[in-house]
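Structure file upload_27.txt; described as compact mmCIF, N, CA and C atoms.
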```
# COMPACT_ATOMS: atom_id res chain seq x y z
N MET B 1 62.03 124.39 115.24
CA MET B 1 60.86 123.88 114.53
C MET B 1 61.06 122.42 114.15
N THR B 2 62.28 122.06 113.75
CA THR B 2 62.52 120.70 113.31
C THR B 2 62.22 119.70 114.43
N THR B 3 62.61 120.01 115.64
CA THR B 3 62.37 119.10 116.75
C THR B 3 60.87 118.88 116.94
N MET B 4 60.08 119.96 116.83
CA MET B 4 58.63 119.81 116.97
C MET B 4 58.08 118.92 115.86
N LEU B 5 58.52 119.12 114.63
CA LEU B 5 58.04 118.30 113.52
C LEU B 5 58.48 116.85 113.67
N ASP B 6 59.69 116.64 114.16
CA ASP B 6 60.16 115.27 114.42
C ASP B 6 59.25 114.58 115.43
N ALA B 7 58.91 115.29 116.50
CA ALA B 7 58.05 114.72 117.54
C ALA B 7 56.66 114.41 117.00
N ILE B 8 56.15 115.28 116.14
CA ILE B 8 54.83 115.07 115.54
C ILE B 8 54.85 113.82 114.65
N CYS B 9 55.89 113.68 113.84
CA CYS B 9 56.00 112.51 112.97
C CYS B 9 56.16 111.23 113.79
N GLU B 10 56.97 111.28 114.83
CA GLU B 10 57.15 110.10 115.68
C GLU B 10 55.83 109.72 116.34
N PHE B 11 55.05 110.70 116.78
CA PHE B 11 53.75 110.42 117.36
C PHE B 11 52.84 109.73 116.34
N ALA B 12 52.83 110.25 115.11
CA ALA B 12 51.98 109.67 114.06
C ALA B 12 52.36 108.22 113.77
N VAL B 13 53.64 107.94 113.66
CA VAL B 13 54.10 106.57 113.37
C VAL B 13 53.75 105.63 114.53
N LYS B 14 53.99 106.07 115.75
CA LYS B 14 53.66 105.23 116.91
C LYS B 14 52.15 104.99 117.00
N GLU B 15 51.38 106.03 116.71
CA GLU B 15 49.92 105.90 116.74
C GLU B 15 49.45 104.90 115.67
N ALA B 16 50.05 104.96 114.50
CA ALA B 16 49.69 104.02 113.43
C ALA B 16 50.03 102.59 113.83
N GLU B 17 51.21 102.39 114.37
CA GLU B 17 51.62 101.05 114.79
C GLU B 17 50.75 100.55 115.94
N ARG B 18 50.40 101.44 116.86
CA ARG B 18 49.54 101.06 117.99
C ARG B 18 48.15 100.63 117.52
N ASN B 19 47.72 101.18 116.38
CA ASN B 19 46.39 100.86 115.85
C ASN B 19 46.40 99.76 114.80
N GLY B 20 47.54 99.10 114.60
CA GLY B 20 47.55 97.93 113.74
C GLY B 20 48.36 98.01 112.46
N ALA B 21 49.01 99.13 112.19
CA ALA B 21 49.86 99.22 111.00
C ALA B 21 51.10 98.36 111.20
N THR B 22 51.47 97.62 110.17
CA THR B 22 52.70 96.84 110.24
C THR B 22 53.92 97.71 109.92
N GLU B 23 53.70 98.76 109.13
CA GLU B 23 54.74 99.74 108.82
C GLU B 23 54.07 101.09 108.68
N ALA B 24 54.82 102.16 108.97
CA ALA B 24 54.26 103.49 108.84
C ALA B 24 55.39 104.50 108.66
N GLU B 25 55.05 105.61 107.99
CA GLU B 25 55.96 106.73 107.89
C GLU B 25 55.13 108.00 107.86
N ALA B 26 55.77 109.11 108.22
CA ALA B 26 55.06 110.39 108.27
C ALA B 26 55.96 111.49 107.75
N TYR B 27 55.34 112.49 107.15
CA TYR B 27 56.04 113.67 106.66
C TYR B 27 55.24 114.89 107.10
N ALA B 28 55.88 115.78 107.85
CA ALA B 28 55.19 116.97 108.33
C ALA B 28 55.92 118.22 107.86
N MET B 29 55.14 119.29 107.71
CA MET B 29 55.72 120.57 107.29
C MET B 29 54.94 121.72 107.87
N THR B 30 55.61 122.86 107.98
CA THR B 30 54.94 124.11 108.32
C THR B 30 55.39 125.16 107.31
N ASN B 31 54.55 126.15 107.13
CA ASN B 31 54.83 127.22 106.18
C ASN B 31 54.31 128.53 106.78
N ARG B 32 55.12 129.57 106.73
CA ARG B 32 54.68 130.87 107.19
C ARG B 32 54.75 131.85 106.03
N GLU B 33 53.65 132.55 105.79
CA GLU B 33 53.58 133.53 104.71
C GLU B 33 53.32 134.90 105.29
N SER B 34 53.97 135.89 104.73
CA SER B 34 53.70 137.29 105.09
C SER B 34 53.39 138.03 103.81
N GLU B 35 52.41 138.93 103.90
CA GLU B 35 51.99 139.68 102.72
C GLU B 35 51.76 141.13 103.11
N VAL B 36 52.24 142.04 102.29
CA VAL B 36 52.03 143.46 102.49
C VAL B 36 51.48 144.04 101.20
N VAL B 37 50.35 144.75 101.31
CA VAL B 37 49.72 145.40 100.16
C VAL B 37 49.96 146.90 100.29
N ILE B 38 50.54 147.48 99.23
CA ILE B 38 50.83 148.91 99.23
C ILE B 38 50.05 149.57 98.10
N GLU B 39 49.38 150.67 98.44
CA GLU B 39 48.68 151.48 97.45
C GLU B 39 49.08 152.93 97.66
N ASN B 40 49.43 153.60 96.58
CA ASN B 40 49.82 155.02 96.64
C ASN B 40 50.90 155.28 97.69
N ASN B 41 51.90 154.42 97.71
CA ASN B 41 53.03 154.52 98.64
C ASN B 41 52.65 154.38 100.12
N ASP B 42 51.47 153.88 100.41
CA ASP B 42 51.05 153.63 101.79
C ASP B 42 50.75 152.15 101.98
N VAL B 43 51.11 151.65 103.14
CA VAL B 43 50.78 150.26 103.46
C VAL B 43 49.28 150.19 103.71
N LYS B 44 48.60 149.44 102.87
CA LYS B 44 47.15 149.30 103.01
C LYS B 44 46.79 148.10 103.90
N GLN B 45 47.55 147.03 103.74
CA GLN B 45 47.25 145.82 104.50
C GLN B 45 48.55 145.04 104.74
N ALA B 46 48.67 144.48 105.93
CA ALA B 46 49.80 143.61 106.25
C ALA B 46 49.25 142.42 107.03
N LYS B 47 49.60 141.23 106.58
CA LYS B 47 49.11 140.04 107.27
C LYS B 47 50.14 138.93 107.19
N SER B 48 50.01 138.02 108.12
CA SER B 48 50.91 136.87 108.19
C SER B 48 50.10 135.66 108.64
N GLN B 49 50.41 134.50 108.09
CA GLN B 49 49.73 133.28 108.52
C GLN B 49 50.70 132.11 108.48
N THR B 50 50.45 131.17 109.37
CA THR B 50 51.25 129.95 109.42
C THR B 50 50.32 128.77 109.17
N THR B 51 50.74 127.88 108.29
CA THR B 51 49.98 126.67 108.00
C THR B 51 50.88 125.46 108.20
N GLY B 52 50.27 124.32 108.32
CA GLY B 52 51.05 123.10 108.50
C GLY B 52 50.22 121.89 108.13
N GLY B 53 50.88 120.77 108.04
CA GLY B 53 50.17 119.54 107.73
C GLY B 53 51.08 118.34 107.90
N ILE B 54 50.46 117.18 107.85
CA ILE B 54 51.21 115.93 107.99
C ILE B 54 50.62 114.87 107.07
N GLY B 55 51.48 114.19 106.33
CA GLY B 55 51.08 113.06 105.52
C GLY B 55 51.45 111.78 106.26
N ILE B 56 50.54 110.84 106.28
CA ILE B 56 50.76 109.57 106.98
C ILE B 56 50.55 108.44 105.99
N ARG B 57 51.59 107.65 105.78
CA ARG B 57 51.49 106.48 104.89
C ARG B 57 51.67 105.24 105.75
N ILE B 58 50.72 104.32 105.65
CA ILE B 58 50.79 103.12 106.46
C ILE B 58 50.59 101.89 105.58
N PHE B 59 51.09 100.78 106.07
CA PHE B 59 50.89 99.48 105.43
C PHE B 59 50.34 98.53 106.48
N VAL B 60 49.33 97.80 106.10
CA VAL B 60 48.79 96.73 106.94
C VAL B 60 48.80 95.47 106.09
N ASN B 61 49.74 94.58 106.41
CA ASN B 61 49.90 93.34 105.63
C ASN B 61 49.93 93.63 104.13
N ARG B 62 50.78 94.56 103.76
CA ARG B 62 51.04 94.93 102.36
C ARG B 62 49.85 95.60 101.67
N ARG B 63 48.96 96.13 102.47
CA ARG B 63 47.86 96.95 101.95
C ARG B 63 48.18 98.40 102.32
N LEU B 64 48.11 99.27 101.33
CA LEU B 64 48.54 100.66 101.50
C LEU B 64 47.39 101.58 101.86
N GLY B 65 47.64 102.45 102.83
CA GLY B 65 46.69 103.49 103.19
C GLY B 65 47.42 104.80 103.37
N PHE B 66 46.78 105.90 103.00
CA PHE B 66 47.41 107.22 103.11
C PHE B 66 46.37 108.22 103.57
N SER B 67 46.83 109.19 104.34
CA SER B 67 45.96 110.27 104.78
C SER B 67 46.80 111.52 104.98
N TYR B 68 46.15 112.67 104.86
CA TYR B 68 46.80 113.95 105.10
C TYR B 68 45.93 114.77 106.04
N ALA B 69 46.55 115.39 107.02
CA ALA B 69 45.83 116.27 107.95
C ALA B 69 46.44 117.67 107.83
N ASN B 70 45.58 118.68 107.76
CA ASN B 70 46.09 120.04 107.60
C ASN B 70 46.18 120.81 108.91
N THR B 71 46.08 120.10 110.01
CA THR B 71 46.39 120.66 111.32
C THR B 71 47.28 119.67 112.06
N LEU B 72 48.12 120.18 112.92
CA LEU B 72 49.12 119.34 113.58
C LEU B 72 48.76 119.05 115.04
N THR B 73 47.48 118.85 115.31
CA THR B 73 47.06 118.49 116.67
C THR B 73 47.06 116.97 116.81
N LYS B 74 47.14 116.49 118.04
CA LYS B 74 47.10 115.05 118.28
C LYS B 74 45.80 114.44 117.77
N GLU B 75 44.69 115.13 118.00
CA GLU B 75 43.39 114.63 117.56
C GLU B 75 43.33 114.51 116.04
N SER B 76 43.83 115.51 115.35
CA SER B 76 43.82 115.49 113.89
C SER B 76 44.71 114.36 113.36
N ILE B 77 45.85 114.17 113.97
CA ILE B 77 46.76 113.09 113.56
C ILE B 77 46.12 111.73 113.83
N GLN B 78 45.47 111.59 114.97
CA GLN B 78 44.80 110.32 115.28
C GLN B 78 43.69 110.04 114.26
N ARG B 79 42.92 111.07 113.89
CA ARG B 79 41.88 110.87 112.86
C ARG B 79 42.52 110.50 111.52
N GLY B 80 43.66 111.11 111.21
CA GLY B 80 44.36 110.79 109.97
C GLY B 80 44.85 109.35 109.95
N VAL B 81 45.35 108.88 111.07
CA VAL B 81 45.79 107.47 111.17
C VAL B 81 44.61 106.54 110.95
N ILE B 82 43.48 106.82 111.57
CA ILE B 82 42.29 105.97 111.40
C ILE B 82 41.83 105.98 109.95
N ARG B 83 41.85 107.16 109.29
CA ARG B 83 41.47 107.22 107.86
C ARG B 83 42.43 106.38 107.01
N ALA B 84 43.72 106.50 107.29
CA ALA B 84 44.71 105.72 106.52
C ALA B 84 44.50 104.22 106.72
N LEU B 85 44.18 103.81 107.94
CA LEU B 85 43.91 102.40 108.21
C LEU B 85 42.67 101.92 107.47
N LYS B 86 41.64 102.76 107.39
CA LYS B 86 40.43 102.39 106.65
C LYS B 86 40.73 102.25 105.16
N VAL B 87 41.54 103.16 104.63
CA VAL B 87 41.92 103.07 103.22
C VAL B 87 42.69 101.78 102.99
N ALA B 88 43.62 101.46 103.88
CA ALA B 88 44.40 100.22 103.75
C ALA B 88 43.51 98.99 103.78
N SER B 89 42.50 99.01 104.63
CA SER B 89 41.63 97.84 104.74
C SER B 89 40.82 97.62 103.46
N ALA B 90 40.62 98.68 102.69
CA ALA B 90 39.87 98.56 101.43
C ALA B 90 40.78 98.39 100.23
N SER B 91 42.08 98.46 100.44
CA SER B 91 43.04 98.37 99.33
C SER B 91 43.46 96.93 99.09
N PRO B 92 43.82 96.61 97.85
CA PRO B 92 44.28 95.25 97.57
C PRO B 92 45.69 95.03 98.12
N GLU B 93 45.96 93.81 98.48
CA GLU B 93 47.30 93.46 98.93
C GLU B 93 48.23 93.46 97.73
N ASP B 94 49.45 93.96 97.93
CA ASP B 94 50.44 94.03 96.86
C ASP B 94 51.80 93.70 97.46
N LYS B 95 52.50 92.74 96.89
CA LYS B 95 53.77 92.32 97.47
C LYS B 95 54.82 93.44 97.47
N PHE B 96 54.62 94.48 96.68
CA PHE B 96 55.57 95.59 96.63
C PHE B 96 55.23 96.71 97.62
N ASN B 97 54.13 96.60 98.33
CA ASN B 97 53.72 97.62 99.30
C ASN B 97 54.47 97.44 100.62
N VAL B 98 55.69 97.93 100.64
CA VAL B 98 56.51 97.91 101.85
C VAL B 98 57.41 99.13 101.84
N LEU B 99 57.89 99.48 103.01
CA LEU B 99 58.91 100.51 103.10
C LEU B 99 60.26 99.85 102.79
N PRO B 100 61.25 100.62 102.38
CA PRO B 100 62.58 100.03 102.14
C PRO B 100 63.08 99.31 103.39
N LEU B 101 63.80 98.23 103.18
CA LEU B 101 64.29 97.44 104.32
C LEU B 101 65.25 98.22 105.20
N THR B 102 66.14 98.96 104.60
CA THR B 102 67.06 99.77 105.38
C THR B 102 66.78 101.23 105.06
N HIS B 103 66.27 101.92 106.01
CA HIS B 103 65.99 103.34 105.83
C HIS B 103 66.31 104.07 107.13
N PRO B 104 66.82 105.28 106.99
CA PRO B 104 67.10 106.03 108.22
C PRO B 104 65.80 106.42 108.91
N LYS B 105 65.88 106.55 110.21
CA LYS B 105 64.68 106.92 110.96
C LYS B 105 64.25 108.33 110.60
N LYS B 106 65.20 109.22 110.39
CA LYS B 106 64.90 110.60 110.03
C LYS B 106 65.72 110.95 108.79
N ILE B 107 65.06 111.53 107.83
CA ILE B 107 65.74 111.93 106.60
C ILE B 107 65.91 113.44 106.62
N ARG B 108 67.08 113.89 106.40
CA ARG B 108 67.39 115.32 106.38
C ARG B 108 67.75 115.73 104.95
N GLY B 109 67.12 116.75 104.47
CA GLY B 109 67.43 117.28 103.15
C GLY B 109 68.55 118.30 103.24
N PRO B 110 68.89 118.90 102.12
CA PRO B 110 69.94 119.92 102.13
C PRO B 110 69.50 121.14 102.94
N LYS B 111 70.44 121.87 103.45
CA LYS B 111 70.16 123.06 104.27
C LYS B 111 69.76 124.22 103.36
N LEU B 112 68.48 124.30 103.04
CA LEU B 112 67.96 125.36 102.18
C LEU B 112 67.26 126.44 102.99
N PHE B 113 67.15 126.25 104.26
CA PHE B 113 66.39 127.16 105.11
C PHE B 113 67.28 128.26 105.64
N ASP B 114 66.84 129.50 105.52
CA ASP B 114 67.55 130.65 106.05
C ASP B 114 67.05 130.91 107.47
N GLU B 115 67.91 130.72 108.45
CA GLU B 115 67.52 130.89 109.85
C GLU B 115 67.00 132.30 110.13
N ASN B 116 67.46 133.31 109.36
CA ASN B 116 66.98 134.68 109.55
C ASN B 116 65.50 134.82 109.19
N ALA B 117 64.99 133.92 108.38
CA ALA B 117 63.59 133.99 107.97
C ALA B 117 62.64 133.79 109.15
N VAL B 118 63.07 133.06 110.17
CA VAL B 118 62.23 132.79 111.33
C VAL B 118 61.86 134.09 112.04
N SER B 119 62.81 135.00 112.14
CA SER B 119 62.56 136.23 112.88
C SER B 119 62.03 137.36 112.00
N PHE B 120 61.85 137.13 110.72
CA PHE B 120 61.35 138.16 109.80
C PHE B 120 59.85 138.29 109.98
N THR B 121 59.41 139.43 110.48
CA THR B 121 57.99 139.63 110.81
C THR B 121 57.25 140.37 109.71
N VAL B 122 55.94 140.45 109.85
CA VAL B 122 55.15 141.21 108.90
C VAL B 122 55.52 142.69 108.96
N MET B 123 55.96 143.17 110.13
CA MET B 123 56.43 144.55 110.24
C MET B 123 57.70 144.74 109.41
N ASP B 124 58.59 143.76 109.43
CA ASP B 124 59.79 143.81 108.59
C ASP B 124 59.42 143.89 107.13
N CYS B 125 58.37 143.13 106.73
CA CYS B 125 57.89 143.17 105.36
C CYS B 125 57.41 144.58 104.99
N SER B 126 56.66 145.17 105.91
CA SER B 126 56.14 146.52 105.68
C SER B 126 57.25 147.53 105.50
N VAL B 127 58.26 147.44 106.35
CA VAL B 127 59.40 148.37 106.27
C VAL B 127 60.15 148.16 104.95
N ALA B 128 60.38 146.90 104.59
CA ALA B 128 61.10 146.61 103.36
C ALA B 128 60.33 147.05 102.12
N ALA B 129 59.00 146.97 102.19
CA ALA B 129 58.18 147.31 101.04
C ALA B 129 58.02 148.82 100.85
N SER B 130 58.15 149.57 101.93
CA SER B 130 57.92 151.02 101.79
C SER B 130 59.17 151.80 101.48
```
Reformat the file's structure so that it appears as structure tokens.
Amino acid sequence: MTTMLDAICEFAVKEAERNGATEAEAYAMTNRESEVVIENNDVKQAKSQTTGGIGIRIFVNRRLGFSYANTLTKESIQRGVIRALKVASASPEDKFNVLPLTHPKKIRGPKLFDENAVSFTVMDCSVAAS
């Protein structure tokens, strides 16, 4: 999943720069939820859904623009970049509106993710709940 999110963020940054951003950064995430409803010791409902989104922050000559898209398609990201550019064009210039001079291309947080969670299905939830 990380590789896919990295590629999505790289696409967003390149798209922003291609459209006139002097600096850009992106943050993407996905979330999977599973829910099981039990009534009278019987599974009444079991469902699972995956959501995702990407935040795009851009600077155009020290003018800040931001946008968030709740789908991770190329079209949605491109629309988000255009929205962020429009916000930047309406924003005042500020000498502090820049990204840090030295920043890693990819930031990795602590390993809080349980790899076993990827394979945990809604059926597993049902079995565990009953």
**OP:** Apply DSSP to the structure's backbone, then extract all residues of chain B labelled alpha helix (DSSP H) and return them as a ChimeraX atom specification.
**Re:** /B:2-18,74-90,122-129
Original post:
Expressed in Å to a single decimal, how great is the separation between atom C of Asn31 in chain B and atom C of Arg57 in chain B?
Top reply: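 Value for the atom C of Asn31 in chain B-atom C of Arg57 in chain B distance: 23.5 Å.
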**OP:** Considering all atoms listed in the file, return as JSON, numbers by chain whatever protein or nucleic-acid residues lie within 5 Å of range 16-27 of chain B, sequence-local ones (same chain, fewer than 4 positions apart) excluded.
**Re:** {"B": [12, 54, 55, 56, 57, 58, 59, 60]}
**OP:** For each of B:Ser67, B:Thr121, B:Ser76, B:Asn116, take the minimum atom-to-atom distance to Lys47 in chain B, counting all atoms listed in the file, then give the residue where this is smallest.
**Re:**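 Counting all atoms listed in the file, the residue closest to Lys47 in chain B is B:Thr121.
Comparing the minimum interatomic distances between Gly80 in chain B and each of B:Asn97, B:Val118, B:Pro92, B:Phe66, counting all atoms listed in the file, we find that B:Phe66 sits nearest.
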**OP:** Name the residues of chain B that fall into strand (DSSP E or B) according to DSSP on the backbone, using the chain letters and numbers of this document, as a PyMOL selection string.
**Re:** chain B and resi 23-39+42-60+63-69
Original post:
So what do you get for atom N of Thr71 in chain B versus atom C of Thr51 in chain B, distance-wise?
Top reply: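 Computed distance, atom N of Thr71 in chain B to atom C of Thr51 in chain B, equals 7.4 Å.
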Original post:
Expressed in Å to a single decimal, how great is the separation between atom N of Ala129 in chain B and atom C of Thr50 in chain B?
Top reply: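 Computed distance, atom N of Ala129 in chain B to atom C of Thr50 in chain B, equals 21.3 Å.
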Original post:
With only C-alpha atoms as the basis for distance, which of B:Met29, B:Val43, B:Met4, B:Ala88 is at the shortest distance from Ala128 in chain B?
Top reply: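 Selected residue with least distance to Ala128 in chain B: B:Val43.
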**OP:** Counting only C-alpha atoms, select every polymer residue within 12 Å of (58.7, 146.2, 105.5) as defined in the file's coordinates, and provide the selection as a VMD selection string.
**Re:** chain B and resid 34 to 38 42 to 43 45 to 47 120 to 130
